[in-house]
Each structure stands twice: as C-alpha cells, then as structure tokens.
>>> print(open('target-v6.cif').read())   # mmCIF, C-alpha atoms
data_run
#
loop_
_atom_site.label_atom_id
_atom_site.label_comp_id
_atom_site.auth_asym_id
_atom_site.auth_seq_id
_atom_site.Cartn_x
_atom_site.Cartn_y
_atom_site.Cartn_z
CA MET A 11 -16.07 -14.18 -13.48
CA THR A 12 -13.82 -13.87 -10.42
CA ARG A 13 -10.80 -13.62 -12.70
CA ASP A 14 -12.50 -10.86 -14.68
CA LEU A 15 -13.15 -8.97 -11.46
CA LEU A 16 -9.48 -9.33 -10.52
CA THR A 17 -8.38 -7.98 -13.88
CA ARG A 18 -10.83 -5.10 -13.58
CA ALA A 19 -9.53 -4.35 -10.08
CA TRP A 20 -5.94 -4.26 -11.38
CA ILE A 21 -6.88 -1.91 -14.24
CA TRP A 22 -8.80 0.28 -11.76
CA LEU A 23 -5.76 0.39 -9.45
CA ILE A 24 -3.50 1.41 -12.34
CA ALA A 25 -6.01 4.11 -13.34
CA LEU A 26 -6.20 5.43 -9.76
CA SER A 27 -2.40 5.50 -9.57
CA GLY A 28 -2.35 7.46 -12.82
CA GLY A 29 -4.91 9.81 -11.28
CA SER A 30 -2.58 10.51 -8.35
CA ALA A 31 0.25 11.30 -10.77
CA VAL A 32 -2.01 13.69 -12.72
CA VAL A 33 -3.04 15.51 -9.52
CA ALA A 34 0.65 15.82 -8.53
CA LEU A 35 1.34 17.37 -11.97
CA PHE A 36 -1.54 19.83 -11.54
CA VAL A 37 -0.07 20.89 -8.20
CA GLU A 38 3.16 21.84 -9.96
CA GLN A 39 1.06 23.96 -12.32
CA GLY A 40 -0.53 25.85 -9.46
CA MET A 41 -3.51 23.75 -8.36
CA ASP A 42 -4.77 24.58 -4.87
CA ARG A 43 -2.89 22.20 -2.56
CA ARG A 44 -5.87 21.80 -0.23
CA ILE A 45 -7.97 20.46 -3.10
CA ALA A 46 -5.03 18.39 -4.34
CA GLY A 47 -4.48 16.89 -0.87
CA GLY A 48 -8.14 15.91 -0.66
CA LEU A 49 -8.07 14.34 -4.12
CA ILE A 50 -4.82 12.46 -3.45
CA LEU A 51 -6.18 10.98 -0.21
CA LEU A 52 -9.50 10.14 -1.88
CA LEU A 53 -7.64 8.24 -4.60
CA ALA A 54 -5.59 6.44 -1.91
CA LEU A 55 -8.84 5.49 -0.14
CA PHE A 56 -10.28 4.06 -3.37
CA LYS A 57 -7.08 2.06 -3.94
CA SER A 58 -7.18 0.67 -0.40
CA ARG A 59 -10.84 -0.31 -0.76
CA THR A 60 -10.13 -2.07 -4.05
CA ILE A 61 -7.22 -4.05 -2.59
CA LEU A 62 -9.32 -5.10 0.40
CA ALA A 63 -12.35 -6.05 -1.68
CA ARG A 64 -10.75 -7.79 -4.65
CA TYR A 65 -7.20 -8.82 -3.76
CA LEU A 66 -7.90 -9.76 -0.13
CA GLY A 67 -11.37 -11.09 -0.93
CA LEU A 68 -13.47 -8.94 1.41
CA ALA A 69 -16.04 -8.54 -1.38
CA ALA A 70 -17.25 -11.95 -0.19
CA ALA A 71 -17.51 -10.72 3.42
CA PRO A 72 -19.77 -7.64 3.21
CA SER A 73 -19.92 -6.80 6.91
CA TRP A 74 -16.12 -6.90 7.27
CA ARG A 75 -15.77 -4.92 4.07
CA ARG A 76 -18.10 -2.22 5.42
CA GLY A 77 -16.17 -2.12 8.70
CA PHE A 78 -12.78 -1.80 7.01
CA ASN A 79 -14.12 0.84 4.60
CA LEU A 80 -15.59 2.87 7.45
CA VAL A 81 -12.38 2.81 9.51
CA LEU A 82 -10.24 3.62 6.46
CA SER A 83 -12.54 6.50 5.52
CA PHE A 84 -12.26 8.00 9.03
CA TYR A 85 -8.50 7.45 8.95
CA CYS A 86 -8.10 9.24 5.60
CA ALA A 87 -10.27 12.08 6.96
CA LEU A 88 -7.90 12.29 9.95
CA LEU A 89 -4.88 12.44 7.62
CA LEU A 90 -6.55 15.15 5.54
CA GLY A 91 -7.36 17.12 8.68
CA LEU A 92 -3.74 16.94 9.86
CA TYR A 93 -2.56 17.95 6.39
CA LEU A 94 -4.88 20.96 6.21
CA VAL A 95 -4.13 22.11 9.76
CA GLY A 96 -0.43 21.92 8.94
CA GLY A 97 -0.83 24.46 6.17
CA THR A 98 0.02 24.34 2.48
CA THR A 99 2.78 26.85 2.29
CA LEU A 100 4.62 26.10 -0.95
CA MET B 10 -18.23 -17.50 21.75
CA SER B 11 -21.72 -16.76 20.44
CA ASP B 12 -22.96 -18.15 17.13
CA ALA B 13 -23.23 -14.63 15.71
CA SER B 14 -19.59 -13.74 16.44
CA ALA B 15 -18.45 -17.17 15.25
CA SER B 16 -20.24 -16.72 11.93
CA MET B 17 -18.76 -13.21 11.61
CA LEU B 18 -15.28 -14.68 11.94
CA ASP B 19 -16.12 -17.50 9.56
CA GLU B 20 -17.08 -14.90 6.98
CA LEU B 21 -13.46 -13.69 6.76
CA PRO B 22 -11.62 -15.16 3.77
CA GLY B 23 -8.42 -17.10 4.56
CA GLU B 24 -6.61 -17.54 7.85
CA LEU B 25 -7.90 -15.63 10.88
CA MET B 26 -4.36 -15.11 12.21
CA MET B 27 -3.30 -13.52 8.92
CA TRP B 28 -6.11 -10.98 9.39
CA VAL B 29 -4.88 -10.32 12.92
CA LEU B 30 -1.45 -9.63 11.43
CA ILE B 31 -2.89 -7.44 8.65
CA ILE B 32 -4.86 -5.33 11.13
CA SER B 33 -1.83 -5.07 13.46
CA GLU B 34 0.42 -3.91 10.62
CA LEU B 35 -2.17 -1.40 9.41
CA LEU B 36 -2.40 0.01 12.93
CA VAL B 37 1.40 0.33 13.23
CA PHE B 38 1.86 1.99 9.83
CA GLY B 39 -1.33 4.01 10.31
CA ALA B 40 -0.01 5.41 13.58
CA GLY B 41 3.37 6.10 11.94
CA LEU B 42 1.77 8.10 9.11
CA ALA B 43 -0.46 10.04 11.51
CA VAL B 44 2.56 10.92 13.65
CA PHE B 45 4.44 11.93 10.49
CA LEU B 46 1.71 14.44 9.59
CA SER B 47 1.50 15.57 13.22
CA VAL B 48 5.24 16.34 13.32
CA ARG B 49 4.79 18.18 10.01
CA LEU B 50 2.61 20.67 11.93
CA THR B 51 5.78 21.96 13.62
CA ASP B 52 7.60 22.67 10.33
CA PRO B 53 5.38 22.51 7.21
CA VAL B 54 7.82 24.51 5.08
CA GLY B 55 10.77 22.29 6.01
CA PHE B 56 8.72 19.15 5.31
CA ALA B 57 7.62 20.45 1.90
CA GLU B 58 11.19 21.42 0.96
CA SER B 59 12.54 18.05 2.08
CA GLN B 60 9.80 16.24 0.17
CA ASP B 61 11.00 17.88 -3.05
CA TYR B 62 14.20 15.81 -2.73
CA LEU B 63 12.19 12.59 -3.08
CA HIS B 64 11.78 10.67 -6.34
CA ARG B 65 8.03 10.99 -6.90
CA THR B 66 8.18 9.35 -10.33
CA GLY B 67 10.10 6.34 -9.00
CA ALA B 68 7.66 6.00 -6.11
CA ALA B 69 4.67 6.26 -8.47
CA LEU B 70 6.27 3.59 -10.63
CA ASN B 71 6.69 1.46 -7.52
CA THR B 72 2.93 1.74 -6.90
CA ILE B 73 2.29 0.28 -10.36
CA VAL B 74 4.89 -2.44 -9.66
CA LEU B 75 3.29 -3.44 -6.34
CA VAL B 76 -0.36 -3.45 -7.49
CA SER B 77 0.68 -5.52 -10.53
CA SER B 78 2.58 -7.89 -8.28
CA GLY B 79 -0.49 -8.19 -6.04
CA PHE B 80 -2.60 -8.94 -9.10
CA LEU B 81 -0.29 -11.83 -10.01
CA ALA B 82 -0.38 -13.17 -6.44
CA ALA B 83 -4.18 -13.01 -6.43
CA TYR B 84 -4.31 -14.77 -9.79
CA ALA B 85 -1.91 -17.45 -8.54
CA LEU B 86 -4.49 -18.52 -5.94
CA ARG B 87 -7.23 -18.74 -8.60
CA TRP B 88 -4.97 -20.84 -10.82
CA ARG B 89 -3.97 -23.13 -7.95
CA GLU B 90 -7.62 -23.63 -6.99
CA ALA B 91 -8.25 -24.59 -10.63
CA ALA B 92 -5.40 -27.16 -10.30
CA GLN B 93 -3.17 -25.19 -12.70
CA ARG B 94 -0.10 -25.57 -10.53
CA LEU B 95 2.56 -24.49 -13.02
CA LYS B 96 0.74 -21.27 -13.88
CA ALA B 97 0.23 -20.56 -10.19
CA ARG B 98 3.90 -21.12 -9.39
CA LEU B 99 5.05 -18.93 -12.29
CA ALA B 100 2.66 -16.17 -11.21
CA LEU B 101 4.04 -16.30 -7.66
CA ILE B 102 7.63 -16.18 -8.93
CA ALA B 103 6.75 -13.25 -11.22
CA ALA B 104 5.08 -11.49 -8.26
CA ALA B 105 8.26 -12.02 -6.21
CA LEU B 106 10.41 -10.68 -9.07
CA LEU B 107 8.28 -7.53 -9.18
CA GLY B 108 8.96 -7.25 -5.45
CA VAL B 109 12.67 -7.29 -6.32
CA VAL B 110 12.05 -4.53 -8.91
CA PHE B 111 10.38 -2.49 -6.14
CA LEU B 112 13.45 -2.91 -3.94
CA ILE B 113 15.83 -1.96 -6.78
CA ILE B 114 13.92 1.29 -7.39
CA LYS B 115 13.80 1.95 -3.64
CA GLY B 116 17.53 1.16 -3.35
CA ALA B 117 18.32 3.60 -6.16
CA GLU B 118 16.39 6.29 -4.28
CA TYR B 119 18.27 5.57 -1.04
CA ALA B 120 21.60 5.60 -2.92
CA ASP B 121 20.75 8.96 -4.47
CA LYS B 122 19.89 10.39 -1.07
CA ALA B 123 23.14 9.06 0.39
CA ALA B 124 25.10 10.64 -2.50
CA GLN B 125 23.51 14.00 -1.61
CA GLY B 126 24.53 13.54 2.01
CA ILE B 127 20.92 13.00 3.12
CA GLY B 128 20.38 10.46 5.90
CA PRO B 129 17.95 9.65 8.73
CA GLU B 130 19.54 12.32 10.93
CA THR B 131 19.26 15.13 8.36
CA ASN B 132 15.95 16.38 9.79
CA ALA B 133 12.64 15.11 11.19
CA PHE B 134 11.17 14.59 7.71
CA PHE B 135 13.97 12.25 6.65
CA THR B 136 13.96 10.44 10.00
CA PHE B 137 10.31 9.49 9.35
CA TYR B 138 10.94 8.91 5.65
CA TYR B 139 13.65 6.33 6.35
CA LEU B 140 11.74 4.82 9.26
CA LEU B 141 8.48 4.35 7.36
CA THR B 142 9.84 3.40 3.94
CA GLY B 143 12.62 1.26 5.46
CA PHE B 144 10.16 -0.66 7.64
CA HIS B 145 7.92 -1.13 4.60
CA ALA B 146 10.89 -2.30 2.49
CA ALA B 147 11.68 -4.87 5.21
CA HIS B 148 8.13 -6.19 4.77
CA VAL B 149 8.69 -6.35 1.01
CA VAL B 150 11.79 -8.50 1.61
CA ALA B 151 9.77 -10.79 3.92
CA GLY B 152 6.95 -10.90 1.35
CA ILE B 153 9.32 -11.96 -1.44
CA VAL B 154 10.61 -14.83 0.71
CA ILE B 155 7.04 -15.86 1.59
CA LEU B 156 5.91 -15.75 -2.07
CA LEU B 157 8.81 -17.98 -3.08
CA LEU B 158 8.11 -20.29 -0.14
CA VAL B 159 4.46 -20.75 -1.11
CA ALA B 160 5.46 -21.21 -4.77
CA TRP B 161 7.45 -24.19 -3.51
CA LYS B 162 4.94 -25.48 -0.91
CA ASP B 163 1.99 -24.69 -3.14
CA GLU B 164 -1.05 -25.90 -1.20
CA PRO B 165 -3.96 -23.52 -1.88
CA ARG B 166 -4.15 -22.64 1.82
CA ASN B 167 -0.45 -21.68 1.82
CA ILE B 168 -0.81 -19.57 -1.31
CA GLU B 169 -3.87 -17.80 0.12
CA THR B 170 -1.97 -16.93 3.31
CA GLY B 171 1.20 -15.85 1.49
CA ALA B 172 -0.75 -13.75 -1.01
CA ALA B 173 -2.69 -12.11 1.86
CA PHE B 174 0.60 -11.01 3.45
CA TRP B 175 1.68 -9.58 0.09
CA HIS B 176 -1.61 -7.70 -0.33
CA MET B 177 -1.09 -6.20 3.13
CA VAL B 178 2.32 -4.89 1.96
CA ASP B 179 0.56 -3.48 -1.10
CA LEU B 180 -2.18 -1.89 1.02
CA VAL B 181 0.33 -0.18 3.32
CA TRP B 182 2.20 1.25 0.31
CA VAL B 183 -0.90 2.82 -1.29
CA LEU B 184 -1.44 4.74 1.97
CA LEU B 185 2.24 5.50 2.63
CA PHE B 186 3.05 6.77 -0.88
CA PRO B 187 0.63 9.74 -1.00
CA VAL B 188 1.34 10.84 2.57
CA VAL B 189 5.14 10.73 2.41
CA TYR B 190 5.69 11.62 -1.26
CA LEU B 191 2.75 13.79 -2.36
CA LEU B 192 1.22 15.72 0.55
CA GLY B 193 3.75 18.56 0.57
#
>>> encode(input="target-v6.cif", output="structure tokens")
Amino acid sequence: MTRDLLTRAWIWLIALSGGSAVVALFVEQGMDRRIAGGLILLLALFKSRTILARYLGLAAAPSWRRGFNLVLSFYCALLLGLYLVGGTTL
Amino acid sequence: MSDASASMLDELPGELMMWVLIISELLVFGAGLAVFLSVRLTDPVGFAESQDYLHRTGAALNTIVLVSSGFLAAYALRWREAAQRLKARLALIAAALLGVVFLIIKGAEYADKAAQGIGPETNAFFTFYYLLTGFHAAHVVAGIVILLLVAWKDEPRNIETGAAFWHMVDLVWVLLFPVVYLLG
C-alpha cells in the first residue's frame, strides 16, 4: 500500500510539473500573468506538499504535516504578493 | 522536556537532526527567493527580459529528473526495509545517476550563458540566478555523494537519512524553479 502511495505521489508530481509547463505555454499565448503567477505558485505548493507528505513521510505525522503546509502556504502567498506588487509588464 | 513536546518530536519520521537541517535549508533558500522577488520590484522589466535568456524547457525537464530521482530514493528505503538489499542499492545508484543528469543539464545551461557573455555580474537578476541555482547545484553534488555512501553503508537508518537529504534538495528545487524561471 505504501509503495502504491509512493507511485501515485510520483505520478502526481509529474502531472503537476506538466501543469506548470502548460501554464507557461499559455502565458506565451497571452494569458494574464497575474493569473498565471498564481497558478504556477499553487502548483509549486502542491508539489511541495506531496514531497513532504509522501517522500519525506510526513503523512504519518499529521500535526507536523499541518504545520509545514500552513507555513508553506503563507510563504507561497508572500511570494505571490511580491510578484504581483512587482508588476507584470511583459 | 514535557511529554507532549517529546511525543511531538517522536512523531517526526527519521532523524531529528536531519529535520533541523531540512528546516534550516528551507529557511535559507526561502529567504533567498523572497529577496530575489523583492529586488525584482526595483526592475521588473529587466528581470523579465533576463529571464527570457533562461532554458525553461531544460529546467522543467530537471524537475521531472529530480522528482523521479526522489521517487527512487524513497523506494530504496521501502526495499531495504523489506530486506531487498540489491534492489535498494540499485535504486539509490539510479537516483544518484539522475542527480548527475540534473547537473549535466544545469551545466549545459551555464555553458550556454557563458557563451553569450552572461555571468553573475551581468545584472542583479543573474547575480541571484547564479547564487540560488549554484548553491542548489552544490547541494545536488552533496546529495549524490550521500546517496552513493548510503548505497554502500546500506543500513535502513542510513538510507532514510540520506534519502531525506535528497528529498530536501528536491523540495527546494520545486520552489526555486517557478520563482526563478517562470515568474517573469
């Protein structure tokens, strides 16, 4: 079962990475960069959470997992804020 | 130490000191990426133009390489715990080889930049680019050595600690890649 969860996590990580590439392609075709930035950071957050939960085993430590997820979520929100304040000029 | 805090620490998988290292590294890289985006506030156009010189496809490929390498390292621990030592060792060696692939792709990107006359002193964007990606690449080199070391000294505890270091390298990359390569 654990092995299946690992395999699923890997497939999920590949899919999320593909998602980032698709968003980057949409940007080149004129997608609003503010929306793209939010999506790209959201995908990065999901990847980080998956690595922490499945690769590093925090799925077995729920309180630590919640703590890491909370801090990472705030951190990604900070990055998004800095990105949006900086403007999306191209 | 109270029982509650002791049981909280016991809940953490693997070595406590490895978690201290993981959190420390995340704080260092996290601060670096936040400063990168803060400096971008002073010249968003210049940062976006500089970012267009980067190899986004190569970096995206490197994300696939690292998460696949992490998968093999995680599997190695499962195999070792199931007393399948050969499979575990091969998985660790394969994970290390994927780390080498990451460095080759990164090296090609650095070589291309050098050929275009781009270096750390070109502008603020490239100063941070080389600082952040170079520091991360140094961790990849250390991770490869650690993976090979635990493939040799393959006690489950060693593999768990070595794999945790590798996952930290992976974790840093999935945050670094979108900020440096995609948020233009």
>>> closest_atom_pairs(input="target-v6.cif", of="chain A", to="chain B", cutoff="8 Å", atoms="all atoms listed in the file", output="tab-separated table")
residue	atom	partner	partner_atom	distance
A:Arg13	CA	B:Tyr84	CA	7.2
A:Leu16	CA	B:Phe80	CA	7.0
A:Thr17	CA	B:Phe80	CA	7.6
A:Trp20	CA	B:Phe80	CA	6.2
A:Leu23	CA	B:Val76	CA	6.9
A:Ile24	CA	B:Ile73	CA	6.2
A:Ser27	CA	B:Thr72	CA	7.0
A:Ala31	CA	B:Ala69	CA	7.1
A:Ala34	CA	B:Leu191	CA	6.8
A:Gly47	CA	B:Leu192	CA	6.0
A:Ile50	CA	B:Pro187	CA	6.6
A:Leu51	CA	B:Pro187	CA	7.0
A:Ala54	CA	B:Leu184	CA	5.9
A:Leu55	CA	B:Leu184	CA	7.7
A:Lys57	CA	B:Val183	CA	6.8
A:Ser58	CA	B:Leu180	CA	5.8
A:Ile61	CA	B:Leu180	CA	6.6
A:Leu62	CA	B:Leu180	CA	7.9
A:Tyr65	CA	B:Ala83	CA	5.8
A:Leu66	CA	B:Ala173	CA	6.1
A:Gly67	CA	B:Pro22	CA	6.2
A:Leu68	CA	B:Pro22	CA	6.9
A:Ala70	CA	B:Pro22	CA	7.6
A:Ala71	CA	B:Glu20	CA	5.5
A:Trp74	CA	B:Leu21	CA	7.3
A:Leu88	CA	B:Ala43	CA	7.9
A:Leu89	CA	B:Ala43	CA	6.4
A:Leu92	CA	B:Leu46	CA	6.0
A:Tyr93	CA	B:Leu46	CA	6.4
A:Val95	CA	B:Leu50	CA	7.2
A:Gly96	CA	B:Leu50	CA	4.4
A:Gly97	CA	B:Pro53	CA	6.6
A:Thr98	CA	B:Gly193	CA	7.1
A:Thr99	CA	B:Val54	CA	6.2
A:Leu100	CA	B:Ala57	CA	7.0
>>> write_last_selection(input="target-v6.cif", atoms="C-alpha atoms", output="mmCIF file, in the coordinates of the input")
data_model
loop_
_atom_site.group_PDB
_atom_site.id
_atom_site.type_symbol
_atom_site.label_atom_id
_atom_site.label_comp_id
_atom_site.auth_asym_id
_atom_site.auth_seq_id
_atom_site.Cartn_x
_atom_site.Cartn_y
_atom_site.Cartn_z
ATOM 1 C CA ARG A 13 -10.800 -13.620 -12.700
ATOM 2 C CA LEU A 16 -9.480 -9.330 -10.520
ATOM 3 C CA THR A 17 -8.380 -7.980 -13.880
ATOM 4 C CA TRP A 20 -5.940 -4.260 -11.380
ATOM 5 C CA LEU A 23 -5.760 0.390 -9.450
ATOM 6 C CA ILE A 24 -3.500 1.410 -12.340
ATOM 7 C CA SER A 27 -2.400 5.500 -9.570
ATOM 8 C CA ALA A 31 0.250 11.300 -10.770
ATOM 9 C CA ALA A 34 0.650 15.820 -8.530
ATOM 10 C CA GLY A 47 -4.480 16.890 -0.870
ATOM 11 C CA ILE A 50 -4.820 12.460 -3.450
ATOM 12 C CA LEU A 51 -6.180 10.980 -0.210
ATOM 13 C CA ALA A 54 -5.590 6.440 -1.910
ATOM 14 C CA LEU A 55 -8.840 5.490 -0.140
ATOM 15 C CA LYS A 57 -7.080 2.060 -3.940
ATOM 16 C CA SER A 58 -7.180 0.670 -0.400
ATOM 17 C CA ILE A 61 -7.220 -4.050 -2.590
ATOM 18 C CA LEU A 62 -9.320 -5.100 0.400
ATOM 19 C CA TYR A 65 -7.200 -8.820 -3.760
ATOM 20 C CA LEU A 66 -7.900 -9.760 -0.130
ATOM 21 C CA GLY A 67 -11.370 -11.090 -0.930
ATOM 22 C CA LEU A 68 -13.470 -8.940 1.410
ATOM 23 C CA ALA A 70 -17.250 -11.950 -0.190
ATOM 24 C CA ALA A 71 -17.510 -10.720 3.420
ATOM 25 C CA TRP A 74 -16.120 -6.900 7.270
ATOM 26 C CA LEU A 88 -7.900 12.290 9.950
ATOM 27 C CA LEU A 89 -4.880 12.440 7.620
ATOM 28 C CA LEU A 92 -3.740 16.940 9.860
ATOM 29 C CA TYR A 93 -2.560 17.950 6.390
ATOM 30 C CA VAL A 95 -4.130 22.110 9.760
ATOM 31 C CA GLY A 96 -0.430 21.920 8.940
ATOM 32 C CA GLY A 97 -0.830 24.460 6.170
ATOM 33 C CA THR A 98 0.020 24.340 2.480
ATOM 34 C CA THR A 99 2.780 26.850 2.290
ATOM 35 C CA LEU A 100 4.620 26.100 -0.950
#
>>> atom_distance(input="target-v6.cif", atom1="atom CA of B:Ile127", atom2="atom CA of B:Asp61")
12.7 Å
>>> atom_distance(input="target-v6.cif", atom1="atom CA of B:Gly108", atom2="atom CA of B:Val159")
14.9 Å
>>> closest_residue(input="target-v6.cif", among="A:Leu52, A:Leu15, A:Val81, A:Ile45", to="A:Gly29", atoms="all atoms listed in the file")
A:Leu52
>>> resolve_selection(input="target-v6.cif", expression="the PyMOL selection byres ((chain B and resi 109) around 12)", output="number ranges by chain")
B: 71, 74-75, 78, 102-108, 110-116, 146-147, 149-154, 156-157
>>> resolve_selection(input="target-v6.cif", expression="the PyMOL selection byres ((chain B and resi 137) around 10)", output="PDB file with C-alpha atoms, in the coordinates of the input")
ATOM      1  CA  GLY B  41       3.370   6.100  11.940  1.00  0.00           C
ATOM      2  CA  LEU B  42       1.770   8.100   9.110  1.00  0.00           C
ATOM      3  CA  VAL B  44       2.560  10.920  13.650  1.00  0.00           C
ATOM      4  CA  PHE B  45       4.440  11.930  10.490  1.00  0.00           C
ATOM      5  CA  LEU B  46       1.710  14.440   9.590  1.00  0.00           C
ATOM      6  CA  VAL B  48       5.240  16.340  13.320  1.00  0.00           C
ATOM      7  CA  PRO B 129      17.950   9.650   8.730  1.00  0.00           C
ATOM      8  CA  GLU B 130      19.540  12.320  10.930  1.00  0.00           C
ATOM      9  CA  ASN B 132      15.950  16.380   9.790  1.00  0.00           C
ATOM     10  CA  ALA B 133      12.640  15.110  11.190  1.00  0.00           C
ATOM     11  CA  PHE B 134      11.170  14.590   7.710  1.00  0.00           C
ATOM     12  CA  PHE B 135      13.970  12.250   6.650  1.00  0.00           C
ATOM     13  CA  THR B 136      13.960  10.440  10.000  1.00  0.00           C
ATOM     14  CA  TYR B 138      10.940   8.910   5.650  1.00  0.00           C
ATOM     15  CA  TYR B 139      13.650   6.330   6.350  1.00  0.00           C
ATOM     16  CA  LEU B 140      11.740   4.820   9.260  1.00  0.00           C
ATOM     17  CA  LEU B 141       8.480   4.350   7.360  1.00  0.00           C
ATOM     18  CA  THR B 142       9.840   3.400   3.940  1.00  0.00           C
ATOM     19  CA  GLY B 143      12.620   1.260   5.460  1.00  0.00           C
ATOM     20  CA  VAL B 189       5.140  10.730   2.410  1.00  0.00           C
TER      21      VAL B 189
END
>>> closest_residue(input="target-v6.cif", among="A:Ala63, A:Val32, A:Leu26, A:Leu49", to="A:Arg75", atoms="only C-alpha atoms")
A:Ala63
>>> atom_distance(input="target-v6.cif", atom1="atom CA of A:Arg64", atom2="atom CA of A:Ala19")
6.5 Å
>>> axis_aligned_box(input="target-v6.cif", around="stretch 59-71 of chain B", padding_each_side="4 Å", output="JSON")
{"center_x": 9.4, "center_y": 9.8, "center_z": -4.3, "size_x": 17.5, "size_y": 24.6, "size_z": 20.7}
>>> closest_residue(input="target-v6.cif", among="B:Leu36, B:Met26, B:Leu86, B:Ile31", to="B:Ala160", atoms="only C-alpha atoms")
B:Leu86
>>> resolve_selection(input="target-v6.cif", expression="the PyMOL selection byres ((chain B and resi 89) around 10)", output="list in words")
Tyr84, Ala85, Leu86, Arg87, Trp88, Glu90, Ala91, Ala92, Gln93, Arg94, Leu95, Lys96, Ala97, Arg98, Asp163, Glu164, Pro165, Arg166, Ile168 and Glu169 of chain B
>>> decode(input="target-v6.cif", residues="stretch 114-157 of chain B", atoms="C-alpha atoms", output="PDB file, in the first residue's frame")
ATOM      1  CA  ILE B 114      21.523  19.788 -17.906  1.00  0.00           C
ATOM      2  CA  LYS B 115      22.387  22.568 -15.452  1.00  0.00           C
ATOM      3  CA  GLY B 116      25.994  22.615 -16.715  1.00  0.00           C
ATOM      4  CA  ALA B 117      24.777  22.931 -20.313  1.00  0.00           C
ATOM      5  CA  GLU B 118      22.668  25.920 -19.272  1.00  0.00           C
ATOM      6  CA  TYR B 119      25.625  27.575 -17.520  1.00  0.00           C
ATOM      7  CA  ALA B 120      27.855  26.900 -20.558  1.00  0.00           C
ATOM      8  CA  ASP B 121      25.278  28.475 -22.856  1.00  0.00           C
ATOM      9  CA  LYS B 122      25.088  31.547 -20.638  1.00  0.00           C
ATOM     10  CA  ALA B 123      28.881  31.821 -20.580  1.00  0.00           C
ATOM     11  CA  ALA B 124      28.982  31.567 -24.396  1.00  0.00           C
ATOM     12  CA  GLN B 125      26.576  34.526 -24.557  1.00  0.00           C
ATOM     13  CA  GLY B 126      28.815  36.502 -22.223  1.00  0.00           C
ATOM     14  CA  ILE B 127      26.308  36.271 -19.364  1.00  0.00           C
ATOM     15  CA  GLY B 128      27.760  35.896 -15.875  1.00  0.00           C
ATOM     16  CA  PRO B 129      26.932  36.652 -12.229  1.00  0.00           C
ATOM     17  CA  GLU B 130      27.952  40.296 -12.698  1.00  0.00           C
ATOM     18  CA  THR B 131      25.749  40.906 -15.757  1.00  0.00           C
ATOM     19  CA  ASN B 132      22.879  42.309 -13.669  1.00  0.00           C
ATOM     20  CA  ALA B 133      21.016  41.720 -10.398  1.00  0.00           C
ATOM     21  CA  PHE B 134      18.820  39.008 -11.934  1.00  0.00           C
ATOM     22  CA  PHE B 135      21.807  36.905 -12.981  1.00  0.00           C
ATOM     23  CA  THR B 136      23.613  37.519  -9.688  1.00  0.00           C
ATOM     24  CA  PHE B 137      20.657  35.901  -7.893  1.00  0.00           C
ATOM     25  CA  TYR B 138      20.212  33.280 -10.613  1.00  0.00           C
ATOM     26  CA  TYR B 139      23.792  32.037 -10.225  1.00  0.00           C
ATOM     27  CA  LEU B 140      23.713  32.370  -6.447  1.00  0.00           C
ATOM     28  CA  LEU B 141      20.476  30.416  -5.972  1.00  0.00           C
ATOM     29  CA  THR B 142      20.902  27.777  -8.676  1.00  0.00           C
ATOM     30  CA  GLY B 143      24.640  27.394  -7.941  1.00  0.00           C
ATOM     31  CA  PHE B 144      24.003  26.881  -4.224  1.00  0.00           C
ATOM     32  CA  HIS B 145      21.281  24.375  -5.080  1.00  0.00           C
ATOM     33  CA  ALA B 146      23.600  22.571  -7.533  1.00  0.00           C
ATOM     34  CA  ALA B 147      26.189  22.306  -4.736  1.00  0.00           C
ATOM     35  CA  HIS B 148      23.528  20.537  -2.657  1.00  0.00           C
ATOM     36  CA  VAL B 149      22.841  18.204  -5.583  1.00  0.00           C
ATOM     37  CA  VAL B 150      26.550  17.291  -5.668  1.00  0.00           C
ATOM     38  CA  ALA B 151      26.487  16.634  -1.899  1.00  0.00           C
ATOM     39  CA  GLY B 152      23.276  14.619  -2.301  1.00  0.00           C
ATOM     40  CA  ILE B 153      24.811  12.404  -4.995  1.00  0.00           C
ATOM     41  CA  VAL B 154      27.770  11.633  -2.712  1.00  0.00           C
ATOM     42  CA  ILE B 155      25.400  10.887   0.193  1.00  0.00           C
ATOM     43  CA  LEU B 156      23.190   8.605  -1.944  1.00  0.00           C
ATOM     44  CA  LEU B 157      26.240   6.619  -3.062  1.00  0.00           C
TER      45      LEU B 157
END
